[in-house]
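K.L.:
Handing over data-v8.txt, compact mmCIF, C-alpha atoms.
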```
# COMPACT_ATOMS: atom_id res chain seq x y z
CA MET W 28 -22.41 -47.04 -59.96
CA GLU W 29 -23.88 -46.39 -56.49
CA ALA W 30 -20.45 -46.72 -54.87
CA HIS W 31 -19.04 -44.29 -57.46
CA MET W 32 -21.81 -41.79 -56.67
CA ARG W 33 -21.10 -42.06 -52.93
CA LYS W 34 -17.39 -41.40 -53.56
CA ALA W 35 -18.21 -38.40 -55.74
CA THR W 36 -20.59 -37.03 -53.10
CA LEU W 37 -17.97 -37.54 -50.36
CA LEU W 38 -15.28 -35.86 -52.47
CA ALA W 39 -17.60 -32.93 -53.21
CA GLY W 40 -18.31 -32.60 -49.48
CA LEU W 41 -14.61 -32.62 -48.64
CA VAL W 42 -13.88 -30.01 -51.29
CA ALA W 43 -16.75 -27.88 -49.98
CA GLY W 44 -15.46 -28.31 -46.43
CA PHE W 45 -11.94 -27.26 -47.38
CA SER W 46 -13.35 -24.34 -49.34
CA THR W 47 -15.41 -23.23 -46.34
CA PHE W 48 -12.35 -23.56 -44.08
CA ALA W 49 -10.25 -21.55 -46.53
CA PHE W 50 -12.97 -18.92 -46.80
CA ASN W 51 -13.28 -18.61 -43.00
CA ALA W 52 -9.50 -18.43 -42.63
CA ALA W 53 -9.39 -15.72 -45.23
CA GLN W 54 -12.17 -13.85 -43.42
CA ALA W 55 -10.50 -14.05 -39.97
CA VAL W 56 -9.25 -10.66 -38.81
CA GLU W 57 -5.88 -10.48 -37.07
CA ILE W 58 -5.08 -7.64 -34.70
CA GLU W 59 -1.98 -6.99 -32.59
CA TYR W 60 -1.96 -6.15 -28.89
CA TRP W 61 1.19 -4.58 -27.44
CA GLN W 62 2.29 -4.31 -23.83
CA TYR W 63 5.57 -4.28 -21.90
CA VAL W 64 7.14 -7.40 -20.41
CA PHE W 65 6.00 -8.15 -16.86
CA GLU W 66 5.61 -11.88 -16.29
CA THR W 67 2.22 -11.96 -14.58
CA ARG W 68 0.74 -9.37 -16.97
CA VAL W 69 1.86 -11.34 -20.03
CA LYS W 70 0.45 -14.53 -18.50
CA ALA W 71 -2.87 -12.83 -17.75
CA MET W 72 -3.10 -11.42 -21.27
CA ASP W 73 -2.42 -14.85 -22.79
CA GLN W 74 -5.40 -16.17 -20.85
CA LEU W 75 -7.62 -13.23 -21.80
CA ILE W 76 -6.74 -13.61 -25.48
CA ALA W 77 -7.56 -17.32 -25.35
CA GLU W 78 -10.96 -16.62 -23.75
CA PHE W 79 -11.72 -13.82 -26.22
CA GLN W 80 -10.82 -15.95 -29.26
CA LYS W 81 -13.07 -18.76 -28.01
CA ALA W 82 -16.00 -16.36 -28.08
CA ASN W 83 -14.82 -14.65 -31.28
CA PRO W 84 -13.37 -17.33 -33.58
CA ASP W 85 -13.32 -14.86 -36.47
CA ILE W 86 -10.74 -12.66 -34.66
CA THR W 87 -7.11 -13.56 -33.97
CA VAL W 88 -5.19 -11.50 -31.43
CA LYS W 89 -1.40 -11.56 -31.47
CA GLN W 90 0.34 -10.35 -28.29
CA VAL W 91 3.64 -8.50 -28.80
CA THR W 92 5.80 -7.46 -25.83
CA PHE W 93 8.90 -5.34 -25.28
CA PRO W 94 11.08 -4.58 -22.25
CA TYR W 95 9.66 -1.70 -20.22
CA ALA W 96 12.69 0.52 -20.88
CA ASP W 97 12.20 0.21 -24.67
CA TYR W 98 8.43 0.11 -24.81
CA GLN W 99 7.54 3.76 -25.46
CA THR W 100 10.31 4.12 -28.04
CA ARG W 101 9.19 0.99 -29.89
CA VAL W 102 5.56 2.12 -29.98
CA ILE W 103 6.49 5.57 -31.31
CA ALA W 104 8.90 4.16 -33.91
CA ALA W 105 6.39 1.55 -35.11
CA ASN W 106 3.68 4.19 -35.44
CA MET W 107 5.96 6.34 -37.59
CA ALA W 108 6.75 3.31 -39.77
CA GLY W 109 3.06 2.46 -40.09
CA ASN W 110 3.29 -1.04 -38.60
CA GLY W 111 2.33 -0.54 -34.98
CA PRO W 112 -0.28 -2.28 -32.80
CA ASP W 113 -4.05 -2.10 -33.12
CA VAL W 114 -4.66 -2.13 -29.37
CA LEU W 115 -1.94 -1.01 -27.01
CA GLN W 116 -1.31 -0.61 -23.34
CA LEU W 117 -0.09 2.72 -21.99
CA PHE W 118 0.49 4.24 -18.59
CA TYR W 119 -2.10 6.93 -17.93
CA GLY W 120 0.76 9.41 -17.46
CA TRP W 121 1.87 8.92 -21.07
CA LEU W 122 -1.43 10.09 -22.57
CA ASP W 123 -0.41 13.60 -23.60
CA LYS W 124 2.78 12.33 -25.20
CA PHE W 125 0.95 9.57 -27.09
CA ALA W 126 -1.97 11.77 -28.14
CA ALA W 127 0.32 14.58 -29.32
CA GLY W 128 2.30 12.00 -31.31
CA GLY W 129 -0.82 10.80 -33.12
CA LEU W 130 -0.62 7.32 -31.61
CA LEU W 131 -4.19 7.06 -30.30
CA GLN W 132 -7.71 7.64 -31.54
CA PRO W 133 -10.58 8.67 -29.27
CA LEU W 134 -12.57 5.68 -28.06
CA PRO W 135 -15.64 5.27 -30.33
CA THR W 136 -18.67 6.28 -28.29
CA ASP W 137 -20.88 3.63 -29.91
CA ALA W 138 -18.86 0.98 -28.07
CA PHE W 139 -17.76 3.07 -25.07
CA PRO W 140 -20.49 5.56 -24.12
CA HIS W 141 -19.26 8.23 -21.72
CA ASP W 142 -22.18 7.91 -19.31
CA LYS W 143 -21.41 4.20 -18.85
CA ILE W 144 -17.69 4.89 -18.30
CA GLU W 145 -18.39 7.59 -15.73
CA SER W 146 -21.00 5.60 -13.80
CA GLU W 147 -19.24 2.22 -13.75
CA PHE W 148 -15.49 2.92 -13.45
CA PHE W 149 -13.53 4.48 -10.58
CA PRO W 150 -13.30 8.27 -11.07
CA ILE W 151 -9.53 8.13 -11.74
CA VAL W 152 -10.30 6.98 -15.30
CA SER W 153 -10.92 10.66 -16.00
CA ALA W 154 -7.13 10.96 -16.36
CA MET W 155 -7.63 9.33 -19.78
CA LYS W 156 -10.01 12.06 -20.93
CA ARG W 157 -8.96 15.09 -22.92
CA GLY W 158 -11.62 17.56 -23.95
CA ASP W 159 -14.72 15.57 -24.85
CA ASP W 160 -12.86 12.33 -25.63
CA TYR W 161 -11.63 9.30 -23.72
CA TYR W 162 -8.47 7.77 -25.20
CA GLY W 163 -8.28 4.58 -23.18
CA LEU W 164 -9.72 2.49 -20.36
CA PRO W 165 -8.02 0.31 -17.75
CA THR W 166 -8.64 -3.31 -16.89
CA ALA W 167 -7.27 -2.67 -13.43
CA VAL W 168 -6.24 0.13 -11.09
CA ARG W 169 -3.42 0.21 -8.57
CA SER W 170 -2.81 1.81 -5.22
CA LEU W 171 0.08 1.56 -2.77
CA ALA W 172 0.39 -0.29 0.53
CA LEU W 173 3.05 -1.38 2.99
CA PHE W 174 4.22 -4.97 2.55
CA TYR W 175 5.91 -6.50 5.60
CA ASN W 176 7.90 -9.66 6.32
CA LYS W 177 6.32 -11.47 9.28
CA LYS W 178 9.39 -13.64 9.80
CA LEU W 179 11.69 -10.62 10.25
CA PHE W 180 9.09 -9.01 12.55
CA THR W 181 9.13 -12.08 14.79
CA GLU W 182 12.95 -12.28 14.79
CA ALA W 183 13.09 -8.62 15.88
CA GLY W 184 10.67 -9.26 18.76
CA LEU W 185 7.80 -7.51 17.00
CA ASP W 186 4.19 -8.67 16.73
CA PRO W 187 3.85 -10.04 13.17
CA ASN W 188 0.12 -9.31 13.26
CA ASN W 189 0.50 -5.69 14.33
CA PRO W 190 2.23 -3.73 11.55
CA PRO W 191 2.97 0.00 12.00
CA LYS W 192 0.04 2.38 11.69
CA THR W 193 1.85 5.74 11.85
CA LEU W 194 5.06 7.18 10.41
CA ASP W 195 6.68 7.18 13.86
CA GLU W 196 5.77 3.51 14.37
CA TYR W 197 7.07 2.74 10.87
CA VAL W 198 10.49 4.26 11.68
CA ALA W 199 10.70 2.57 15.09
CA THR W 200 9.78 -0.81 13.58
CA ALA W 201 12.33 -0.45 10.78
CA GLU W 202 15.08 0.47 13.26
CA LYS W 203 14.46 -2.76 15.19
CA ILE W 204 14.66 -4.89 12.03
CA ALA W 205 17.64 -3.28 10.27
CA LYS W 206 21.01 -5.06 10.57
CA HIS W 207 24.54 -3.92 9.67
CA ASP W 208 27.91 -5.66 9.46
CA ALA W 209 31.02 -4.68 11.43
CA SER W 210 31.84 -1.99 8.86
CA GLY W 211 28.40 -0.46 9.12
CA ASN W 212 27.16 -1.79 5.79
CA LEU W 213 23.48 -2.66 5.60
CA THR W 214 22.81 -6.41 5.55
CA VAL W 215 19.07 -6.37 6.29
CA ALA W 216 16.96 -3.30 5.56
CA GLY W 217 14.32 -2.30 8.05
CA SER W 218 12.49 -0.87 5.05
CA THR W 219 13.54 -0.45 1.44
CA LEU W 220 14.48 2.92 -0.03
CA ASP W 221 13.82 2.90 -3.75
CA MET W 222 12.98 6.23 -5.35
CA GLY W 223 13.06 4.54 -8.77
CA GLY W 224 10.37 2.12 -7.57
CA GLN W 225 7.31 3.56 -5.85
CA ASP W 226 9.00 5.87 -3.33
CA HIS W 227 8.81 8.86 -5.67
CA GLN W 228 5.02 8.45 -5.59
CA TRP W 229 5.09 8.02 -1.80
CA TRP W 230 7.07 11.23 -1.39
CA ARG W 231 5.06 13.21 -3.96
CA GLU W 232 1.44 12.26 -3.23
CA VAL W 233 1.65 10.98 0.34
CA LEU W 234 4.44 12.47 2.46
CA ILE W 235 4.12 16.03 1.10
CA ARG W 236 0.39 16.00 1.91
CA GLN W 237 1.02 14.48 5.35
CA PHE W 238 3.44 17.32 6.11
CA GLY W 239 0.75 19.85 5.16
CA GLY W 240 1.42 20.65 1.50
CA THR W 241 0.41 19.77 -2.02
CA PRO W 242 2.81 18.65 -4.76
CA TYR W 243 1.23 20.73 -7.55
CA THR W 244 -1.45 23.31 -8.22
CA ASP W 245 -3.30 24.40 -11.38
CA ASN W 246 -4.39 20.91 -12.38
CA ASP W 247 -0.90 19.53 -11.72
CA THR W 248 0.75 22.00 -14.13
CA LYS W 249 2.46 24.20 -11.51
CA VAL W 250 5.06 22.72 -9.16
CA ALA W 251 4.26 23.55 -5.53
CA TYR W 252 6.57 21.28 -3.52
CA ASP W 253 9.36 23.88 -3.17
CA SER W 254 7.75 24.66 0.17
CA GLU W 255 8.12 24.00 3.87
CA ALA W 256 6.01 20.84 3.52
CA GLY W 257 8.05 19.58 0.57
CA ILE W 258 11.29 20.18 2.43
CA LYS W 259 10.01 18.41 5.56
CA ALA W 260 8.84 15.47 3.45
CA LEU W 261 12.21 15.08 1.71
CA LYS W 262 14.10 15.52 5.00
CA PHE W 263 11.99 12.74 6.51
CA TYR W 264 12.62 10.48 3.51
CA THR W 265 16.39 11.02 3.23
CA SER W 266 16.84 10.77 7.02
CA LEU W 267 15.73 7.14 6.77
CA GLN W 268 19.12 6.42 5.19
CA LEU W 269 21.36 9.23 6.45
CA GLU W 270 20.30 9.27 10.12
CA LYS W 271 18.08 6.31 10.95
CA LYS W 272 20.06 3.95 8.69
CA ILE W 273 17.05 1.70 8.16
CA GLY W 274 17.66 1.32 4.42
CA ALA W 275 19.89 2.44 1.57
CA ALA W 276 19.26 3.48 -2.01
CA GLY W 277 20.55 0.75 -4.33
CA PHE W 278 20.52 -1.98 -1.65
CA MET W 279 20.20 -5.24 -3.64
CA ASP W 280 19.53 -3.04 -6.70
CA GLU W 281 15.76 -2.82 -6.24
CA GLY W 282 13.47 -2.63 -3.26
CA GLN W 283 11.23 -5.42 -4.49
CA ALA W 284 14.27 -7.70 -4.97
CA ALA W 285 15.43 -7.07 -1.41
CA PHE W 286 11.96 -7.85 -0.07
CA ARG W 287 11.57 -10.99 -2.17
CA GLY W 288 15.00 -12.12 -1.02
CA GLY W 289 13.98 -11.83 2.64
CA LYS W 290 16.44 -8.99 3.22
CA ALA W 291 13.94 -6.22 3.96
CA GLY W 292 11.39 -5.98 6.74
CA MET W 293 9.07 -3.66 4.82
CA THR W 294 8.62 -2.18 1.36
CA ILE W 295 6.15 0.25 -0.15
CA ASP W 296 4.80 -1.08 -3.42
CA GLY W 297 1.70 -1.45 -5.56
CA THR W 298 -0.94 -4.07 -6.20
CA PHE W 299 0.91 -5.10 -9.36
CA ARG W 300 3.53 -6.70 -7.08
CA LEU W 301 1.06 -9.20 -5.58
CA GLY W 302 1.50 -11.74 -8.36
CA ALA W 303 5.30 -11.72 -8.05
CA PHE W 304 5.31 -11.75 -4.24
CA GLY W 305 2.85 -14.64 -4.35
CA SER W 306 5.72 -16.92 -5.37
CA ILE W 307 7.68 -16.23 -2.14
CA LYS W 308 8.13 -19.51 -0.26
CA ASP W 309 10.68 -18.63 2.45
CA PHE W 310 8.51 -16.43 4.64
CA GLU W 311 4.97 -15.21 5.22
CA TRP W 312 4.21 -11.62 4.37
CA GLY W 313 1.33 -9.28 5.04
CA VAL W 314 -0.10 -6.04 3.70
CA THR W 315 -1.29 -2.97 5.56
CA GLU W 316 -2.33 0.57 4.67
CA LEU W 317 0.39 3.18 4.24
CA PRO W 318 1.27 4.74 7.61
CA ALA W 319 -0.74 7.80 8.65
CA ASN W 320 0.95 10.83 10.17
CA ASN W 321 0.59 11.51 13.91
CA GLU W 322 -2.64 13.45 13.29
CA GLY W 323 -4.13 10.49 11.44
CA VAL W 324 -3.83 12.04 7.97
CA ARG W 325 -3.64 9.39 5.26
CA SER W 326 -2.94 9.69 1.56
CA ASN W 327 -2.18 7.32 -1.28
CA TYR W 328 -1.29 7.30 -4.96
CA ALA W 329 -3.55 5.53 -7.46
CA SER W 330 -2.52 4.74 -11.00
CA TYR W 331 -3.22 2.40 -13.87
CA PHE W 332 -2.22 1.21 -17.29
CA ALA W 333 -4.97 1.81 -19.82
CA ASN W 334 -5.69 0.12 -23.14
CA GLY W 335 -6.27 2.29 -26.19
CA ILE W 336 -6.79 1.88 -29.93
CA SER W 337 -4.15 3.01 -32.41
CA ALA W 338 -4.94 6.09 -34.48
CA LYS W 339 -4.09 4.10 -37.62
CA THR W 340 -6.49 1.22 -36.98
CA THR W 341 -9.47 1.33 -39.36
CA GLY W 342 -12.03 -0.89 -41.07
CA GLU W 343 -12.51 -4.45 -39.90
CA GLU W 344 -9.42 -4.21 -37.67
CA LEU W 345 -11.06 -1.29 -35.87
CA GLU W 346 -14.28 -3.27 -35.33
CA ALA W 347 -12.23 -6.20 -33.99
CA SER W 348 -10.22 -3.86 -31.76
CA LYS W 349 -13.39 -2.36 -30.30
CA LYS W 350 -14.64 -5.85 -29.45
CA PHE W 351 -11.32 -6.82 -27.87
CA LEU W 352 -11.06 -3.61 -25.83
CA ALA W 353 -14.65 -4.06 -24.64
CA TYR W 354 -13.71 -7.54 -23.43
CA LEU W 355 -10.49 -6.33 -21.74
CA THR W 356 -12.56 -3.87 -19.71
CA SER W 357 -15.32 -6.34 -18.81
CA PRO W 358 -15.93 -7.69 -15.27
CA GLU W 359 -14.89 -11.18 -16.48
CA ALA W 360 -11.50 -9.92 -17.67
CA MET W 361 -11.03 -7.92 -14.47
CA ALA W 362 -11.59 -11.03 -12.35
CA ILE W 363 -8.93 -12.93 -14.32
CA TRP W 364 -6.51 -10.00 -14.04
CA LEU W 365 -7.06 -9.73 -10.27
CA LYS W 366 -6.38 -13.44 -9.77
CA THR W 367 -3.27 -13.51 -11.99
CA VAL W 368 -1.66 -10.08 -11.52
CA GLY W 369 -3.21 -8.88 -8.26
CA GLU W 370 -4.32 -5.49 -9.60
CA LEU W 371 -7.76 -4.26 -8.54
CA PRO W 372 -10.69 -4.20 -10.97
CA ALA W 373 -11.25 -0.78 -12.53
CA ARG W 374 -15.04 -1.15 -12.31
CA ARG W 375 -16.37 -0.26 -8.87
CA SER W 376 -18.88 -3.15 -8.80
CA ALA W 377 -16.16 -5.69 -9.61
CA ALA W 378 -13.69 -4.26 -7.08
CA LEU W 379 -15.83 -3.36 -4.08
CA THR W 380 -17.22 -6.79 -3.34
CA GLU W 381 -17.64 -7.89 0.26
CA ALA W 382 -15.05 -10.63 -0.24
CA ASN W 383 -12.45 -8.21 -1.65
CA LEU W 384 -13.01 -5.62 1.09
CA LYS W 385 -12.57 -8.25 3.81
CA ASP W 386 -9.55 -9.82 2.14
CA PRO W 387 -6.36 -9.23 4.22
CA ILE W 388 -4.36 -8.60 1.05
CA TYR W 389 -6.79 -6.72 -1.22
CA GLY W 390 -8.53 -4.83 1.59
CA PRO W 391 -5.69 -2.36 2.41
CA PHE W 392 -5.27 -1.47 -1.27
CA LEU W 393 -9.01 -0.90 -1.71
CA LYS W 394 -9.08 1.34 1.37
CA GLY W 395 -6.17 3.26 -0.13
CA LEU W 396 -8.20 4.00 -3.24
CA GLU W 397 -10.70 5.92 -1.09
CA TYR W 398 -8.15 8.66 -0.28
CA ALA W 399 -5.76 8.33 -3.21
CA HIS W 400 -4.52 11.02 -5.59
CA THR W 401 -3.58 10.49 -9.23
CA THR W 402 -0.87 12.80 -10.52
CA LEU W 403 -1.67 14.15 -13.97
CA PHE W 404 1.82 13.70 -15.41
CA LEU W 405 2.66 15.51 -18.62
CA ASP W 406 5.96 13.65 -19.09
CA GLU W 407 5.87 10.81 -16.58
CA ALA W 408 9.33 9.38 -17.32
CA ALA W 409 11.08 12.76 -17.06
CA GLN W 410 9.13 13.76 -13.95
CA ARG W 411 9.98 10.45 -12.27
CA GLN W 412 13.66 10.78 -13.14
CA ASN W 413 13.67 14.31 -11.76
CA ALA W 414 12.46 13.00 -8.38
CA ILE W 415 15.11 10.26 -8.41
CA ASP W 416 17.84 12.83 -9.16
CA MET W 417 16.53 15.09 -6.39
CA ALA W 418 16.89 12.33 -3.76
CA ASN W 419 20.24 11.14 -5.10
CA ARG W 420 21.75 14.63 -4.82
CA VAL W 421 21.01 14.51 -1.09
CA LEU W 422 21.79 10.83 -0.46
CA LEU W 423 24.87 10.44 -2.66
CA GLU W 424 26.29 13.91 -3.25
CA GLY W 425 25.63 15.57 0.10
CA GLN W 426 23.56 18.43 -1.32
CA SER W 427 21.21 20.11 1.15
CA VAL W 428 17.55 19.18 1.01
CA GLU W 429 16.60 22.81 0.47
CA ASP W 430 18.92 23.25 -2.52
CA SER W 431 17.97 19.93 -4.08
CA ILE W 432 14.23 20.65 -3.77
CA LYS W 433 14.69 24.09 -5.34
CA GLN W 434 16.67 22.60 -8.24
CA ALA W 435 14.11 19.82 -8.72
CA ALA W 436 11.16 22.23 -8.70
CA GLU W 437 12.74 24.46 -11.33
CA ALA W 438 13.67 21.48 -13.52
CA GLU W 439 10.24 19.88 -13.25
CA GLN W 440 8.46 23.13 -14.08
CA GLU W 441 10.53 23.29 -17.27
CA ILE W 442 9.59 19.67 -18.08
CA ILE W 443 5.88 20.39 -17.56
CA ASP W 444 5.95 23.62 -19.58
CA ALA W 445 7.79 21.94 -22.46
CA ALA W 446 5.32 19.04 -22.51
CA LYS W 447 2.12 21.08 -22.45
CA PRO W 448 0.04 20.38 -25.55
```
As a first step, turn the structure in this file into structure tokens.

P.N.:
Amino acid sequence: MEAHMRKATLLAGLVAGFSTFAFNAAQAVEIEYWQYVFETRVKAMDQLIAEFQKANPDITVKQVTFPYADYQTRVIAANMAGNGPDVLQLFYGWLDKFAAGGLLQPLPTDAFPHDKIESEFFPIVSAMKRGDDYYGLPTAVRSLALFYNKKLFTEAGLDPNNPPKTLDEYVATAEKIAKHDASGNLTVAGSTLDMGGQDHQWWREVLIRQFGGTPYTDNDTKVAYDSEAGIKALKFYTSLQLEKKIGAAGFMDEGQAAFRGGKAGMTIDGTFRLGAFGSIKDFEWGVTELPANNEGVRSNYASYFANGISAKTTGEELEASKKFLAYLTSPEAMAIWLKTVGELPARRSAALTEANLKDPIYGPFLKGLEYAHTTLFLDEAAQRQNAIDMANRVLLEGQSVEDSIKQAAEAEQEIIDAAKP
């Protein structure tokens, strides 16, 4: 009888255990997080999700990714169909498009008080604010710097520990590194030329300012680069291929590919490239601040991808999303993102540590944040393509710089006016 009682008690306990497990499973909330495919970012997010779920076993986060070229379209289509993400990543320059399309809800102030955001994050997060509402927050911020191949510097008789500090030094260095075959075709670029990469930002927010102008006025809603400074900046940029022959648009398809392949002495790129360049085994590379002009004027472009909450997320999914977004924007998450992706923490206290400022890789990017500008794009993809077309008309079609700038300015003003909310 006693043995029978023990069996009955054990069975009852097992049934209760299974019931509790089933109840907890039923109570677990699942949310979806969407971002575009970039290997180190996906890897970092996998780690962040694992850490978050350890601390929040009642929440399951499913990561969904799409190729960058399809990402915006997939988000918009899914939102219309009512089956989109709960938390999503978006480039800060897409905010107006996403907000106008009803894709985002304002960040709940109970979880994300404005005074905390404005005191703890870098000021560029204000690009995610419209009216009285923030629509997203970044885990990391990015600036630009000059990457250089120390092996190619040495082969060209240059000091690998003394990268160029001015635009004139940059051109002279690139001319010494560049190589061409007997037919004049580029075989090694002194520096990459990739307007579809980060060069459109370099031209817009750095070179134009270094030549004495500004790219836009009226809170970035009026094009101002159809000017003497804009023309000088584009002439300088296109002369790198047409006259100096230090690089060529389309060389090895992308600037970052040419640099990774050891076929470019220098490339201008962002912090997000650190993770990918970290896998380079064939040569040592370094990072330095973007070249100043001869008067010492420096400029930079700072940007970021933010995380926001879908307009259609409500109830327990909303509460779970708030918790997940709070974790994604925590110092702990920023440290993981920095280590895995290479992008700088968006919180000042997490970024501006003594170790980071002294770091030979992170230091130049952090210095760049001090004098960086963040373009308030209204239609980032169209504005970027307009800059690419502007350069290509000069480089590939032989159009004059003056005519191409004028055409680009008129076209971009139309893009901005059409996209105004």

K.L.:
Rank W:Gly128, W:Leu220, W:Val215, W:Pro318 by their smallest atom-to-atom distance to W:Leu269, using all atoms listed in the file, and report the top residue only.

P.N.:
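So, comparing all the options, the nearest one is W:Leu220.
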
K.L.:
Smallest atom-to-atom distance to W:Ala409: which of W:Thr181, W:Ser306, W:Gln440, W:Thr340, using all atoms listed in the file?

P.N.:
W:Gln440

K.L.:
Name the residues in contact with W:Asn320 at a cut-off of 7 Å, using only C-alpha atoms, excluding same-chain residues fewer than 2 positions from it; report them as a count of residues only.

P.N.:
8

K.L.:
What lies within 12 Å of W:Tyr162 using all atoms listed in the file, ignoring chain neighbours under 5 positions off, as a compact mmCIF listing (two decimals) with C-alpha atoms, in the coordinates of the input?

P.N.:
```txt
# COMPACT_ATOMS: atom_id res chain seq x y z
CA VAL W 114 -4.66 -2.13 -29.37
CA LEU W 115 -1.94 -1.01 -27.01
CA GLN W 116 -1.31 -0.61 -23.34
CA LEU W 117 -0.09 2.72 -21.99
CA PHE W 118 0.49 4.24 -18.59
CA TYR W 119 -2.10 6.93 -17.93
CA TRP W 121 1.87 8.92 -21.07
CA LEU W 122 -1.43 10.09 -22.57
CA ASP W 123 -0.41 13.60 -23.60
CA PHE W 125 0.95 9.57 -27.09
CA ALA W 126 -1.97 11.77 -28.14
CA ALA W 127 0.32 14.58 -29.32
CA GLY W 129 -0.82 10.80 -33.12
CA LEU W 130 -0.62 7.32 -31.61
CA LEU W 131 -4.19 7.06 -30.30
CA GLN W 132 -7.71 7.64 -31.54
CA PRO W 133 -10.58 8.67 -29.27
CA LEU W 134 -12.57 5.68 -28.06
CA PRO W 135 -15.64 5.27 -30.33
CA THR W 136 -18.67 6.28 -28.29
CA PHE W 139 -17.76 3.07 -25.07
CA HIS W 141 -19.26 8.23 -21.72
CA ILE W 144 -17.69 4.89 -18.30
CA VAL W 152 -10.30 6.98 -15.30
CA SER W 153 -10.92 10.66 -16.00
CA ALA W 154 -7.13 10.96 -16.36
CA MET W 155 -7.63 9.33 -19.78
CA LYS W 156 -10.01 12.06 -20.93
CA ARG W 157 -8.96 15.09 -22.92
CA ALA W 333 -4.97 1.81 -19.82
CA ASN W 334 -5.69 0.12 -23.14
CA GLY W 335 -6.27 2.29 -26.19
CA ILE W 336 -6.79 1.88 -29.93
CA SER W 337 -4.15 3.01 -32.41
CA ALA W 338 -4.94 6.09 -34.48
CA LEU W 352 -11.06 -3.61 -25.83
```

K.L.:
Go through W:Ser326, W:Thr298, W:Thr248, W:Gln426 and flag the residue nearest W:Trp364, using all atoms listed in the file for the distances.

P.N.:
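Among the listed residues, W:Thr298 lies closest to W:Trp364.
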
K.L.:
With all atoms listed in the file as the atoms that count, which of W:Gly302, W:Gly297, W:Gly289, W:Gly369 lies nearest to W:Thr214?

P.N.:
W:Gly289

K.L.:
Which polymer residues have any atom within 10 Å of an atom of W:Asn413, counting only C-alpha atoms, with same-chain residues fewer than 4 positions away left out, as a ChimeraX atom specification?

P.N.:
/W:227,407-409,417-419,434-436,438-439,442

K.L.:
Closest to W:Pro187 among W:Leu301, W:Ile432, W:Met293, W:Ile76, using only C-alpha atoms?

P.N.:
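Selected residue with least distance to W:Pro187: W:Met293.
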
K.L.:
Would you work out the distance separating atom CA of W:Gln99 from atom CA of W:Gln80, expressed in Å to one decimal?

P.N.:
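So the answer is 27.2 Å.
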
K.L.:
Between W:Val168, W:Arg300, W:Glu59, W:Pro84, which residue has the minimum interatomic distance to W:Ala378, considering only C-alpha atoms?

P.N.:
W:Val168

K.L.:
Please measure the separation of atom CA of W:Gly305 and atom CA of W:Asp195, giving the value in Å to one decimal.

P.N.:
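Separation between atom CA of W:Gly305 and atom CA of W:Asp195: 28.7 Å.
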
K.L.:
(9.9, 2.2, -0.5) in this file's frame - what residues fall within 10 Å of it? Use only C-alpha atoms and give the answer as a CSV table (one decimal) with C-alpha atoms, in the frame of the given file.

P.N.:
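Dumped to part_35.csv:
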```
chain,number,residue,atom,x,y,z
W,172,ALA,CA,0.4,-0.3,0.5
W,173,LEU,CA,3.0,-1.4,3.0
W,174,PHE,CA,4.2,-5.0,2.6
W,218,SER,CA,12.5,-0.9,5.0
W,219,THR,CA,13.5,-0.4,1.4
W,220,LEU,CA,14.5,2.9,0.0
W,221,ASP,CA,13.8,2.9,-3.8
W,222,MET,CA,13.0,6.2,-5.4
W,223,GLY,CA,13.1,4.5,-8.8
W,224,GLY,CA,10.4,2.1,-7.6
W,225,GLN,CA,7.3,3.6,-5.8
W,226,ASP,CA,9.0,5.9,-3.3
W,227,HIS,CA,8.8,8.9,-5.7
W,228,GLN,CA,5.0,8.4,-5.6
W,229,TRP,CA,5.1,8.0,-1.8
W,230,TRP,CA,7.1,11.2,-1.4
W,264,TYR,CA,12.6,10.5,3.5
W,274,GLY,CA,17.7,1.3,4.4
W,276,ALA,CA,19.3,3.5,-2.0
W,281,GLU,CA,15.8,-2.8,-6.2
W,282,GLY,CA,13.5,-2.6,-3.3
W,283,GLN,CA,11.2,-5.4,-4.5
W,293,MET,CA,9.1,-3.7,4.8
W,294,THR,CA,8.6,-2.2,1.4
W,295,ILE,CA,6.2,0.2,-0.2
W,296,ASP,CA,4.8,-1.1,-3.4
```

K.L.:
Would you mind listing what lies within 9 Å of W:Lys271 as a PDB file with C-alpha atoms, keeping the file's coordinate frame, with all atoms listed in the file counted and same-chain residues fewer than 6 positions away left out?

P.N.:
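Listing of selection.pdb after writing:
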```pdb
ATOM      1  CA  VAL W 198      10.490   4.260  11.680  1.00  0.00           C
ATOM      2  CA  ALA W 201      12.330  -0.450  10.780  1.00  0.00           C
ATOM      3  CA  GLU W 202      15.080   0.470  13.260  1.00  0.00           C
TER       4      GLU W 202
END
```

K.L.:
Between atom CA of W:Ser254 and atom CA of W:Gly240, measure the distance and give it in Å to one decimal.

P.N.:
7.6 Å

K.L.:
Give as a ChimeraX atom specification every residue, naming chains and numbers as the document does, that has an atom within 8 Å of (-10.7, -11.2, -20.0), counting only C-alpha atoms.

P.N.:
/W:72,74-76,78-79,354-364

K.L.:
Near W:Pro191, within 9 Å and counting all atoms listed in the file, which residues show up once chain neighbours fewer than 6 positions away are dropped, as JSON, numbers by chain?

P.N.:
{"W": [197, 198, 199, 200, 315, 317, 318]}
